[in-house]
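run-v4.tsv (TSV, C-alpha atoms (C1' of nucleotides)) appears below.
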chain	number	residue	atom	x	y	z
A	1	MET	CA	108.15	121.56	103.66
A	2	LYS	CA	104.90	122.84	105.09
A	3	GLU	CA	103.65	121.95	108.55
A	4	ARG	CA	100.83	119.91	107.09
A	5	GLU	CA	103.14	117.78	104.96
A	6	ILE	CA	105.60	117.20	107.76
A	7	LYS	CA	102.73	116.25	110.01
A	8	GLU	CA	101.21	113.82	107.52
A	9	GLN	CA	104.53	112.11	107.01
A	10	LEU	CA	105.30	111.88	110.70
A	11	VAL	CA	101.82	110.55	111.45
A	12	GLU	CA	102.43	107.86	108.88
A	13	GLU	CA	105.77	106.97	110.42
A	14	ILE	CA	104.33	106.85	113.92
A	15	GLY	CA	101.46	104.78	112.57
A	16	VAL	CA	103.64	102.10	111.04
A	17	TYR	CA	105.64	101.85	114.23
A	18	PHE	CA	102.85	101.71	116.79
A	19	GLU	CA	100.71	99.51	114.63
A	20	LYS	CA	103.18	96.74	115.30
A	21	THR	CA	104.49	97.55	118.77
A	22	LEU	CA	101.17	98.45	120.37
A	23	GLN	CA	99.21	96.05	118.16
A	24	LEU	CA	96.73	98.62	117.00
A	25	THR	CA	94.73	98.68	113.79
A	26	PRO	CA	96.33	100.82	111.07
A	27	LEU	CA	93.88	103.64	111.56
A	28	ALA	CA	94.05	103.57	115.38
A	29	ALA	CA	97.84	103.84	115.19
A	30	ARG	CA	97.55	106.82	112.85
A	31	LEU	CA	95.00	108.54	115.05
A	32	TYR	CA	97.37	108.00	117.93
A	33	GLY	CA	100.06	109.70	115.88
A	34	LEU	CA	97.75	112.52	114.92
A	35	LEU	CA	97.04	113.23	118.57
A	36	MET	CA	100.73	113.11	119.44
A	37	LEU	CA	101.10	116.10	117.16
A	38	CYS	CA	97.94	118.01	117.95
A	39	PRO	CA	97.77	121.38	119.68
A	40	LYS	CA	96.76	121.66	123.32
A	41	SER	CA	93.21	122.44	122.17
A	42	GLY	CA	92.86	118.91	120.78
A	43	HIS	CA	91.02	117.91	117.64
A	44	SER	CA	87.30	117.54	117.13
A	45	PHE	CA	85.77	114.41	115.63
A	46	GLU	CA	85.12	116.26	112.40
A	47	GLU	CA	88.68	117.49	112.15
A	48	ILE	CA	89.99	114.02	112.78
A	49	VAL	CA	87.79	112.60	110.02
A	50	GLU	CA	89.14	115.24	107.68
A	51	LEU	CA	92.80	115.02	108.72
A	52	SER	CA	92.89	111.23	108.66
A	53	GLN	CA	91.02	111.07	105.38
A	54	SER	CA	88.90	108.16	106.44
A	55	SER	CA	85.23	107.58	107.04
A	56	LYS	CA	83.24	108.76	110.02
A	57	SER	CA	82.47	105.17	110.95
A	58	SER	CA	86.09	104.05	111.02
A	59	VAL	CA	87.14	107.09	112.97
A	60	SER	CA	84.35	106.47	115.45
A	61	VAL	CA	85.33	102.84	115.96
A	62	ASN	CA	89.03	103.55	116.30
A	63	LEU	CA	88.69	106.55	118.57
A	64	ASN	CA	86.57	104.41	120.88
A	65	LEU	CA	89.19	101.73	120.78
A	66	LEU	CA	91.82	104.20	121.95
A	67	LEU	CA	89.44	105.70	124.51
A	68	ASN	CA	88.75	102.27	125.97
A	69	ASN	CA	92.39	101.35	126.41
A	70	GLY	CA	93.07	104.68	128.07
A	71	SER	CA	95.44	106.12	125.46
A	72	ILE	CA	93.25	109.10	124.66
A	73	GLU	CA	90.51	111.12	126.29
A	74	TYR	CA	88.00	113.73	125.23
A	75	PHE	CA	86.83	116.95	126.72
A	76	THR	CA	84.26	119.54	125.82
A	77	LYS	CA	84.35	123.30	125.53
A	78	PRO	CA	81.72	125.56	127.03
A	79	GLY	CA	79.00	126.33	124.53
A	80	GLU	CA	80.17	123.64	122.06
A	81	ARG	CA	78.46	120.35	121.59
A	82	LYS	CA	81.46	118.66	120.00
A	83	ARG	CA	83.97	116.47	121.74
A	84	PHE	CA	87.61	117.30	121.51
A	85	PHE	CA	90.17	114.53	121.63
A	86	ARG	CA	93.73	114.49	122.90
A	87	LEU	CA	96.17	111.99	124.34
A	88	SER	CA	95.30	111.15	127.93
A	89	LYS	CA	97.74	112.27	130.60
A	90	ASN	CA	98.76	108.63	131.10
A	91	TYR	CA	99.02	107.53	127.54
A	92	LEU	CA	102.66	106.55	128.02
A	93	LYS	CA	101.79	104.59	131.13
A	94	VAL	CA	99.33	102.60	129.05
A	95	SER	CA	102.18	101.43	126.81
A	96	LEU	CA	104.37	100.68	129.78
A	97	GLU	CA	101.67	98.64	131.50
A	98	LYS	CA	101.17	96.71	128.30
A	99	TYR	CA	104.87	95.94	127.98
A	100	LYS	CA	104.97	94.99	131.63
A	101	ASN	CA	102.18	92.47	131.24
A	102	GLN	CA	103.85	91.03	128.17
A	103	LEU	CA	107.11	90.65	130.02
A	104	SER	CA	105.62	88.90	132.97
A	105	GLU	CA	103.89	86.56	130.55
A	106	GLU	CA	107.19	85.87	128.83
A	107	LEU	CA	108.94	85.16	132.12
A	108	LYS	CA	106.23	82.67	133.01
A	109	ILE	CA	106.52	80.93	129.66
A	110	LEU	CA	110.29	80.69	129.92
A	111	GLN	CA	109.98	79.15	133.36
A	112	LYS	CA	107.61	76.53	131.95
A	113	VAL	CA	110.01	75.85	129.09
A	114	LYS	CA	112.84	75.41	131.54
A	115	ASP	CA	110.82	73.07	133.73
A	116	PHE	CA	109.83	71.02	130.70
A	117	ASN	CA	113.38	70.72	129.47
A	118	VAL	CA	114.72	69.82	132.89
A	119	GLN	CA	112.19	67.03	133.10
A	120	TYR	CA	112.16	65.66	129.56
A	121	ASN	CA	115.29	66.91	127.78
A	122	LYS	CA	117.96	66.61	130.39
A	123	GLU	CA	120.83	66.81	127.95
A	124	LYS	CA	120.26	70.36	126.66
A	125	HIS	CA	123.20	72.43	125.43
A	126	GLU	CA	125.28	74.21	128.06
A	127	LYS	CA	125.51	77.19	125.78
A	128	HIS	CA	121.75	77.45	125.55
A	129	LYS	CA	121.53	77.40	129.30
A	130	ALA	CA	124.08	80.19	129.66
A	131	PHE	CA	122.22	82.31	127.13
A	132	ALA	CA	118.86	81.57	128.65
A	133	LYS	CA	120.10	82.70	132.02
A	134	MET	CA	121.36	85.96	130.57
A	135	TYR	CA	118.16	86.53	128.70
A	136	THR	CA	116.12	85.98	131.85
A	137	GLU	CA	118.31	88.44	133.69
A	138	TYR	CA	117.73	90.92	130.90
A	139	LEU	CA	113.96	90.43	131.16
A	140	GLU	CA	114.05	90.91	134.90
A	141	THR	CA	116.08	94.08	134.66
A	142	HIS	CA	113.72	95.37	132.02
A	143	TYR	CA	110.75	94.52	134.21
A	144	GLN	CA	112.25	96.48	137.10
A	145	ASN	CA	112.94	99.38	134.79
A	146	LEU	CA	109.28	99.34	133.72
A	147	GLU	CA	108.04	99.19	137.29
A	148	ARG	CA	110.29	101.99	138.40
A	149	THR	CA	109.13	104.21	135.56
A	150	ILE	CA	105.47	103.46	136.17
A	151	ASN	CA	105.91	104.30	139.85
A	152	LYS	CA	107.58	107.56	139.04
A	153	MET	CA	104.71	108.41	136.71
A	154	ASN	CA	102.20	107.62	139.41
A	155	GLN	CA	103.98	109.91	141.83
A	156	ILE	CA	103.99	112.75	139.36
A	157	GLU	CA	100.37	112.02	138.63
A	158	ARG	CA	99.48	112.55	142.28
A	159	LYS	CA	101.54	115.69	142.48
A	160	PHE	CA	99.80	117.28	139.50
A	161	ILE	CA	96.25	116.61	140.68
B	1	MET	CA	99.22	64.68	131.81
B	2	LYS	CA	101.50	62.98	129.31
B	3	GLU	CA	104.62	64.60	127.92
B	4	ARG	CA	103.01	64.92	124.51
B	5	GLU	CA	99.97	66.74	125.80
B	6	ILE	CA	101.99	69.09	127.98
B	7	LYS	CA	104.22	69.80	125.01
B	8	GLU	CA	101.34	70.51	122.64
B	9	GLN	CA	99.78	72.88	125.09
B	10	LEU	CA	103.02	74.69	125.83
B	11	VAL	CA	103.83	74.97	122.11
B	12	GLU	CA	100.46	76.58	121.62
B	13	GLU	CA	101.08	79.03	124.44
B	14	ILE	CA	104.53	79.92	123.15
B	15	GLY	CA	103.04	80.28	119.69
B	16	VAL	CA	100.40	82.77	120.70
B	17	TYR	CA	102.98	84.83	122.55
B	18	PHE	CA	105.73	84.94	119.96
B	19	GLU	CA	103.32	85.36	117.11
B	20	LYS	CA	102.66	88.83	118.42
B	21	THR	CA	105.94	89.82	120.03
B	22	LEU	CA	108.27	88.54	117.31
B	23	GLN	CA	105.72	89.15	114.56
B	24	LEU	CA	105.87	85.66	113.15
B	25	THR	CA	103.22	83.78	111.22
B	26	PRO	CA	101.15	81.47	113.41
B	27	LEU	CA	102.93	78.37	112.19
B	28	ALA	CA	106.43	79.88	112.44
B	29	ALA	CA	105.75	80.84	116.04
B	30	ARG	CA	104.59	77.30	116.82
B	31	LEU	CA	107.61	75.75	115.15
B	32	TYR	CA	109.74	78.07	117.22
B	33	GLY	CA	107.96	76.74	120.30
B	34	LEU	CA	108.37	73.16	119.16
B	35	LEU	CA	112.10	73.65	118.87
B	36	MET	CA	112.30	75.31	122.27
B	37	LEU	CA	111.10	71.99	123.66
B	38	CYS	CA	112.97	69.56	121.45
B	39	PRO	CA	115.73	67.21	122.60
B	40	LYS	CA	119.35	67.96	121.87
B	41	SER	CA	119.11	65.69	118.82
B	42	GLY	CA	116.71	68.11	117.19
B	43	HIS	CA	113.72	67.24	115.01
B	44	SER	CA	113.72	66.13	111.39
B	45	PHE	CA	111.54	67.80	108.77
B	46	GLU	CA	109.23	64.78	108.76
B	47	GLU	CA	108.85	64.83	112.52
B	48	ILE	CA	108.08	68.51	112.47
B	49	VAL	CA	105.40	67.99	109.83
B	50	GLU	CA	103.87	65.30	111.99
B	51	LEU	CA	104.18	67.11	115.33
B	52	SER	CA	102.88	70.41	114.00
B	53	GLN	CA	100.06	68.70	112.13
B	54	SER	CA	100.42	70.93	109.10
B	55	SER	CA	101.37	70.41	105.49
B	56	LYS	CA	104.87	69.81	104.18
B	57	SER	CA	104.66	73.00	102.15
B	58	SER	CA	103.77	75.21	105.07
B	59	VAL	CA	106.42	73.64	107.24
B	60	SER	CA	108.98	74.15	104.50
B	61	VAL	CA	108.11	77.81	104.08
B	62	ASN	CA	108.07	78.55	107.78
B	63	LEU	CA	111.23	76.67	108.65
B	64	ASN	CA	113.02	78.65	105.96
B	65	LEU	CA	111.63	81.84	107.39
B	66	LEU	CA	113.12	80.99	110.79
B	67	LEU	CA	116.37	79.82	109.21
B	68	ASN	CA	116.70	83.11	107.36
B	69	ASN	CA	116.23	85.29	110.40
B	70	GLY	CA	118.76	83.24	112.33
B	71	SER	CA	116.44	81.81	114.97
B	72	ILE	CA	117.02	78.21	114.02
B	73	GLU	CA	119.65	76.12	112.26
B	74	TYR	CA	119.92	72.63	110.87
B	75	PHE	CA	122.56	69.97	111.04
B	76	THR	CA	122.98	66.52	109.60
B	77	LYS	CA	123.92	63.21	111.08
B	78	PRO	CA	126.50	60.89	109.53
B	79	GLY	CA	124.85	58.39	107.23
B	80	GLU	CA	121.50	60.23	107.26
B	81	ARG	CA	120.26	62.34	104.41
B	82	LYS	CA	117.72	64.24	106.51
B	83	ARG	CA	118.22	67.61	108.05
B	84	PHE	CA	117.68	68.04	111.74
B	85	PHE	CA	116.49	71.35	113.08
B	86	ARG	CA	117.06	73.04	116.39
B	87	LEU	CA	117.21	76.56	117.80
B	88	SER	CA	120.42	78.28	116.78
B	89	LYS	CA	122.89	79.10	119.52
B	90	ASN	CA	122.00	82.78	119.15
B	91	TYR	CA	118.28	82.55	118.88
B	92	LEU	CA	117.85	84.79	121.91
B	93	LYS	CA	120.24	87.32	120.48
B	94	VAL	CA	118.04	87.49	117.39
B	95	SER	CA	115.13	88.66	119.56
B	96	LEU	CA	117.31	91.11	121.42
B	97	GLU	CA	118.68	92.61	118.23
B	98	LYS	CA	115.15	92.99	116.96
B	99	TYR	CA	114.02	94.77	120.12
B	100	LYS	CA	117.11	96.95	119.99
B	101	ASN	CA	116.35	98.10	116.47
B	102	GLN	CA	112.78	98.79	117.43
B	103	LEU	CA	113.86	100.87	120.38
B	104	SER	CA	116.26	102.98	118.45
B	105	GLU	CA	113.52	103.58	115.91
B	106	GLU	CA	111.17	104.62	118.69
B	107	LEU	CA	113.71	107.02	120.16
B	108	LYS	CA	114.14	108.63	116.75
B	109	ILE	CA	110.41	109.01	116.30
B	110	LEU	CA	109.97	110.55	119.74
B	111	GLN	CA	112.69	113.05	118.99
B	112	LYS	CA	110.89	114.03	115.80
B	113	VAL	CA	107.63	114.36	117.70
B	114	LYS	CA	109.31	116.57	120.25
B	115	ASP	CA	110.87	118.75	117.56
B	116	PHE	CA	107.54	119.08	115.82
B	117	ASN	CA	105.73	120.07	118.99
B	118	VAL	CA	108.40	122.55	119.99
B	119	GLN	CA	108.07	124.21	116.62
B	120	TYR	CA	104.34	124.09	115.99
B	121	ASN	CA	102.58	123.39	119.31
B	122	LYS	CA	104.48	125.50	121.75
B	123	GLU	CA	101.82	125.34	124.41
B	124	LYS	CA	101.91	121.61	125.14
B	125	HIS	CA	101.02	120.33	128.60
B	126	GLU	CA	103.71	120.43	131.23
B	127	LYS	CA	102.56	117.08	132.49
B	128	HIS	CA	103.01	115.52	129.09
B	129	LYS	CA	106.52	116.86	128.98
B	130	ALA	CA	107.39	115.42	132.37
B	131	PHE	CA	106.02	112.04	131.34
B	132	ALA	CA	107.74	112.11	127.99
B	133	LYS	CA	111.05	112.78	129.67
B	134	MET	CA	110.57	109.81	131.97
B	135	TYR	CA	109.53	107.59	129.14
B	136	THR	CA	112.59	108.54	127.15
B	137	GLU	CA	114.77	107.78	130.13
B	138	TYR	CA	113.09	104.40	130.40
B	139	LEU	CA	113.75	103.71	126.72
B	140	GLU	CA	117.39	104.67	127.08
B	141	THR	CA	117.88	102.48	130.12
B	142	HIS	CA	116.21	99.64	128.29
B	143	TYR	CA	118.43	100.19	125.30
B	144	GLN	CA	121.54	100.01	127.49
B	145	ASN	CA	120.24	96.87	129.10
B	146	LEU	CA	119.81	95.32	125.65
B	147	GLU	CA	123.27	96.33	124.55
B	148	ARG	CA	124.86	95.03	127.71
B	149	THR	CA	123.11	91.68	127.34
B	150	ILE	CA	124.02	91.35	123.67
B	151	ASN	CA	127.64	92.10	124.48
B	152	LYS	CA	127.71	89.50	127.22
B	153	MET	CA	126.27	86.98	124.78
B	154	ASN	CA	128.93	87.83	122.24
B	155	GLN	CA	131.65	87.31	124.81
B	156	ILE	CA	130.29	83.93	125.78
B	157	GLU	CA	129.93	83.11	122.11
B	158	ARG	CA	133.65	83.67	121.59
B	159	LYS	CA	134.54	81.70	124.67
B	160	PHE	CA	132.59	78.64	123.55
B	161	ILE	CA	134.02	78.51	120.02
C	1	DT	C1'	118.69	53.72	84.65
C	2	DT	C1'	114.82	53.84	87.39
C	3	DT	C1'	113.00	54.70	91.85
C	4	DT	C1'	112.85	56.76	96.26
C	5	DT	C1'	113.77	60.39	99.44
C	6	DA	C1'	113.75	65.04	101.10
C	7	DG	C1'	112.30	68.85	100.48
C	8	DT	C1'	110.68	73.26	97.32
C	9	DT	C1'	107.64	75.94	94.47
C	10	DC	C1'	103.35	77.32	92.69
C	11	DG	C1'	98.35	78.22	92.06
C	12	DG	C1'	94.32	78.35	94.35
C	13	DT	C1'	91.39	78.68	98.53
C	14	DA	C1'	89.63	80.08	102.83
C	15	DT	C1'	89.78	83.10	106.47
C	16	DT	C1'	90.58	87.20	108.77
C	17	DC	C1'	89.89	91.85	109.31
C	18	DA	C1'	90.01	96.81	108.54
C	19	DC	C1'	87.29	99.94	106.28
C	20	DT	C1'	83.11	101.89	104.06
C	21	DG	C1'	78.36	103.83	103.19
C	22	DA	C1'	73.94	103.95	104.74
C	23	DA	C1'	70.68	103.77	108.06
C	24	DC	C1'	69.97	104.96	112.65
C	25	DT	C1'	69.88	107.37	117.40
C	26	DA	C1'	69.93	110.78	120.83
C	27	DA	C1'	70.34	115.36	122.02
C	28	DG	C1'	70.13	120.09	121.00
C	29	DT	C1'	67.99	123.91	117.93
C	30	DA	C1'	64.55	126.56	115.31
D	1	DT	C1'	57.01	119.70	116.24
D	2	DA	C1'	60.33	119.27	112.67
D	3	DC	C1'	65.18	119.75	111.71
D	4	DT	C1'	70.02	119.66	112.41
D	5	DT	C1'	74.15	117.99	114.70
D	6	DA	C1'	77.30	114.60	116.43
D	7	DG	C1'	78.26	110.66	116.45
D	8	DT	C1'	77.13	105.06	116.46
D	9	DT	C1'	75.93	100.65	114.52
D	10	DC	C1'	75.60	97.29	111.08
D	11	DA	C1'	75.87	94.64	106.82
D	12	DG	C1'	78.73	94.21	103.05
D	13	DT	C1'	83.17	94.67	100.40
D	14	DG	C1'	87.95	94.35	99.37
D	15	DA	C1'	92.60	93.28	100.41
D	16	DA	C1'	95.99	90.68	102.72
D	17	DT	C1'	97.82	86.47	103.90
D	18	DA	C1'	98.48	81.89	105.90
D	19	DC	C1'	97.76	77.48	104.55
D	20	DC	C1'	97.05	73.52	101.50
D	21	DG	C1'	97.67	69.91	97.74
D	22	DA	C1'	99.90	68.85	93.68
D	23	DA	C1'	103.47	69.11	90.65
D	24	DC	C1'	108.21	69.55	90.58
D	25	DT	C1'	113.51	69.09	91.47
D	26	DA	C1'	117.85	67.40	92.90
D	27	DA	C1'	120.37	63.97	94.94
D	28	DA	C1'	120.94	59.42	96.70
D	29	DA	C1'	119.73	54.47	96.50
D	30	DA	C1'	118.56	50.26	94.21

Rewrite the coordinates I just gave you, this time as structure tokens.
Amino acid sequence: MKEREIKEQLVEEIGVYFEKTLQLTPLAARLYGLLMLCPKSGHSFEEIVELSQSSKSSVSVNLNLLLNNGSIEYFTKPGERKRFFRLSKNYLKVSLEKYKNQLSEELKILQKVKDFNVQYNKEKHEKHKAFAKMYTEYLETHYQNLERTINKMNQIERKFI
Amino acid sequence: MKEREIKEQLVEEIGVYFEKTLQLTPLAARLYGLLMLCPKSGHSFEEIVELSQSSKSSVSVNLNLLLNNGSIEYFTKPGERKRFFRLSKNYLKVSLEKYKNQLSEELKILQKVKDFNVQYNKEKHEKHKAFAKMYTEYLETHYQNLERTINKMNQIERKFI
DNA sequence: TTTTTAGTTCGGTATTCACTGAACTAAGTA
DNA sequence: TACTTAGTTCAGTGAATACCGAACTAAAAA
């Protein structure tokens, strides 16, 4: 298989996956994939329109979406008027921060559920309680894992600047 | 606030959250929430129709959806023809298994991305590489955390039977 | 045997939403 | 000044899909 074909297929695969996990529009997820596989020199707007085979307007909207959430960035080259796009240095941190916020939301909800059940449904299953405890422990461990990773990334960030 | 109001509000909150994280239809996510807050005696189909304020047909479809993915179960009471629904004992394991599958998919995709970039984009940023390594470590730790929790749940499962 | 109960299935509707083309803008070029 | 370039904005379209009511089914009750 040629580079182009492999790339197209992989972009599609990445797209399907991140469309659901990062809750992006189909095109945004595919652009994200495209930039995961782009050379260091990035891709221009034009190129992205061509490679993604969608309209200028959609590409514009979806690139801005990714720019706004910090997943991608653009830069310019001396003498060229075009913008070149690439993943931002922190694009992985953006995902992690998102997961982290989700988790803390989930922990809050589960606490409310617990409080409600303690007050109004005193006779809940023991088994449920045991599982709920384990699940909460899992969430907390995951949360710590996320925090640790984000901190490490921040440290590296400072080192590289 | 009355129990009913608190419950309605919390069901809504749970619904919004699980609609996105478990990728359920709006109603399925709310039914899930309703059953998180139900008494040990469960809720009958009728009650669920009434509490959720939607049609019999939608409730039927969405309860079956949750039954099929293992999140909920039903039981009957002697002398009663109705089914009563509640969360299944393993409903939390269902979420964990789902996350686990997602993670292993993500790890596979990232490996493919890495292979692609090694082959075709040799000059990728050092910083990206450092971050990618950390992110992969995070995913692996998370995966282990999931596995550990699922195993614990299985052990408890066996103990309770 | 007829009626009621407890749900299921089906066809249609309404809404959401991503995507498009076309018109537009702002900045650089001739 | 007119023209091109690089994108943006907006109104409209098409597809997906969640939900509904109505007709239906299977089993129990009368």

* To do: Residues of chain D no more than 12 Å from chain B, counting only C-alpha atoms (C1' of nucleotides): send them over as a PyMOL selection string.
  => chain D and resi 17-22+27-29

Please report, as a Markdown table, each residue of chain C lying at most 10 Å from chain B, together with the nearest pair of atoms and the separation in Å rounded to one decimal; use all atoms listed in the file, and order rows by chain and ascending residue number.
| residue | atom | partner | partner_atom | distance |
| --- | --- | --- | --- | --- |
| C:DT5 | C1' | B:Arg81 | CA | 8.4 |
| C:DA6 | C1' | B:Lys82 | CA | 6.8 |
| C:DG7 | C1' | B:Ser60 | CA | 7.4 |
| C:DT8 | C1' | B:Ser60 | CA | 7.4 |
| C:DT9 | C1' | B:Ser57 | CA | 8.7 |

* To do: For a cut-off of 12 Å around (121.4, 96.4, 128.7), file coordinates, pick out all residues using only C-alpha atoms (C1' of nucleotides) and list them as a ChimeraX atom specification.
  => /A:134-135,137-142,145 /B:96-97,99-100,138-153

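Counting only C-alpha atoms (C1' of nucleotides), Leu22 in chain A has the following residues at most 10 Å away, ignoring those fewer than 2 positions along the same chain: Tyr17, Phe18, Glu19, Lys20, Leu24, Thr25, Ala29, Val94, Ser95, Lys98 and Tyr99 of chain A; Lys20 and Thr21 of chain B.
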
Padded axis-aligned box of range 67-78 of chain B (8 Å per side), centre and edge lengths, Å, one decimal, as lines of an AutoDock Vina configuration file:
center_x = 121.4
center_y = 73.1
center_z = 111.2
size_x = 26.3
size_y = 40.4
size_z = 23.6

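Between CA of Gln111 in chain A and CA of Met1 in chain B there is a distance of 18.1 Å.
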
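Here CA of Val49 in chain B stands at a distance of 25.6 Å from C1' of DA16 in chain D.
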
* **Pairwise distance for CA of Leu10 in chain A and CA of Phe116 in chain B, rounded to one decimal in Å** => 9.1 Å

* Asked: Skipping near chain neighbours, those fewer than 3 positions away, what residues fall within 10 Å of Ile72 in chain B using all atoms listed in the file, listed as a PyMOL selection string?
  -> chain B and resi 31-32+35-36+63-69+85-91+94

Would you mind exporting the chosen residues as a PDB file, keeping the file's coordinate frame, restricted to C-alpha atoms?
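part.pdb written:
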ATOM      1  CA  LEU B  31     107.610  75.750 115.150  1.00  0.00           C
ATOM      2  CA  TYR B  32     109.740  78.070 117.220  1.00  0.00           C
ATOM      3  CA  LEU B  35     112.100  73.650 118.870  1.00  0.00           C
ATOM      4  CA  MET B  36     112.300  75.310 122.270  1.00  0.00           C
ATOM      5  CA  LEU B  63     111.230  76.670 108.650  1.00  0.00           C
ATOM      6  CA  ASN B  64     113.020  78.650 105.960  1.00  0.00           C
ATOM      7  CA  LEU B  65     111.630  81.840 107.390  1.00  0.00           C
ATOM      8  CA  LEU B  66     113.120  80.990 110.790  1.00  0.00           C
ATOM      9  CA  LEU B  67     116.370  79.820 109.210  1.00  0.00           C
ATOM     10  CA  ASN B  68     116.700  83.110 107.360  1.00  0.00           C
ATOM     11  CA  ASN B  69     116.230  85.290 110.400  1.00  0.00           C
ATOM     12  CA  PHE B  85     116.490  71.350 113.080  1.00  0.00           C
ATOM     13  CA  ARG B  86     117.060  73.040 116.390  1.00  0.00           C
ATOM     14  CA  LEU B  87     117.210  76.560 117.800  1.00  0.00           C
ATOM     15  CA  SER B  88     120.420  78.280 116.780  1.00  0.00           C
ATOM     16  CA  LYS B  89     122.890  79.100 119.520  1.00  0.00           C
ATOM     17  CA  ASN B  90     122.000  82.780 119.150  1.00  0.00           C
ATOM     18  CA  TYR B  91     118.280  82.550 118.880  1.00  0.00           C
ATOM     19  CA  VAL B  94     118.040  87.490 117.390  1.00  0.00           C
TER      20      VAL B  94
END

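Among A:Asn101, A:Ser71, A:Thr76, A:Gln23, the residue with the shortest atom-to-atom distance to chain B, counting only C-alpha atoms, is A:Gln23.
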
Need to verify the contact set: DA23 in chain C, 12 Å, all atoms listed in the file, exclusion of same-chain residues closer than 5 positions in sequence. Can you return it as a short mmCIF file (atom, residue, chain, number, x, y, z; two decimals) with C-alpha atoms (C1' of nucleotides), in the frame of the given file?
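Listing of part-v3.cif after writing:
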data_model
loop_
_atom_site.label_atom_id
_atom_site.label_comp_id
_atom_site.auth_asym_id
_atom_site.auth_seq_id
_atom_site.Cartn_x
_atom_site.Cartn_y
_atom_site.Cartn_z
"C1'" DT D 8 77.13 105.06 116.46
"C1'" DT D 9 75.93 100.65 114.52
"C1'" DC D 10 75.60 97.29 111.08
"C1'" DA D 11 75.87 94.64 106.82
#

* Give the answer as one residue: which of C:DT2, C:DC19, C:DC24, C:DA30 has the shortest atom-to-atom distance to DG12 in chain D, using only C-alpha atoms (C1' of nucleotides)? => C:DC19

* Got a sec: who's within 12 Å of range 118-126 of chain B, counting only C-alpha atoms (C1' of nucleotides), leaving out chain neighbours fewer than 2 positions off, as a PyMOL selection string? -> (chain A and resi 2-4+6-7+35-42+86-89+156-157+160) or (chain B and resi 111-116+128-133)

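Distance annotation: of D:DG7, D:DA30, D:DA15, D:DA23, the residue with the minimal separation from DA18 in chain C is D:DA15; atom set is all atoms listed in the file.
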
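Shortest atom-to-atom contact with chain B among A:Lys159, A:Asn117, A:Leu103, A:Thr136: A:Asn117, counting only C-alpha atoms.
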
* Pick out the closest residue to chain B from this set: A:Tyr74, A:Leu92, A:Asn62, A:Arg30. Count all atoms listed in the file. => A:Leu92
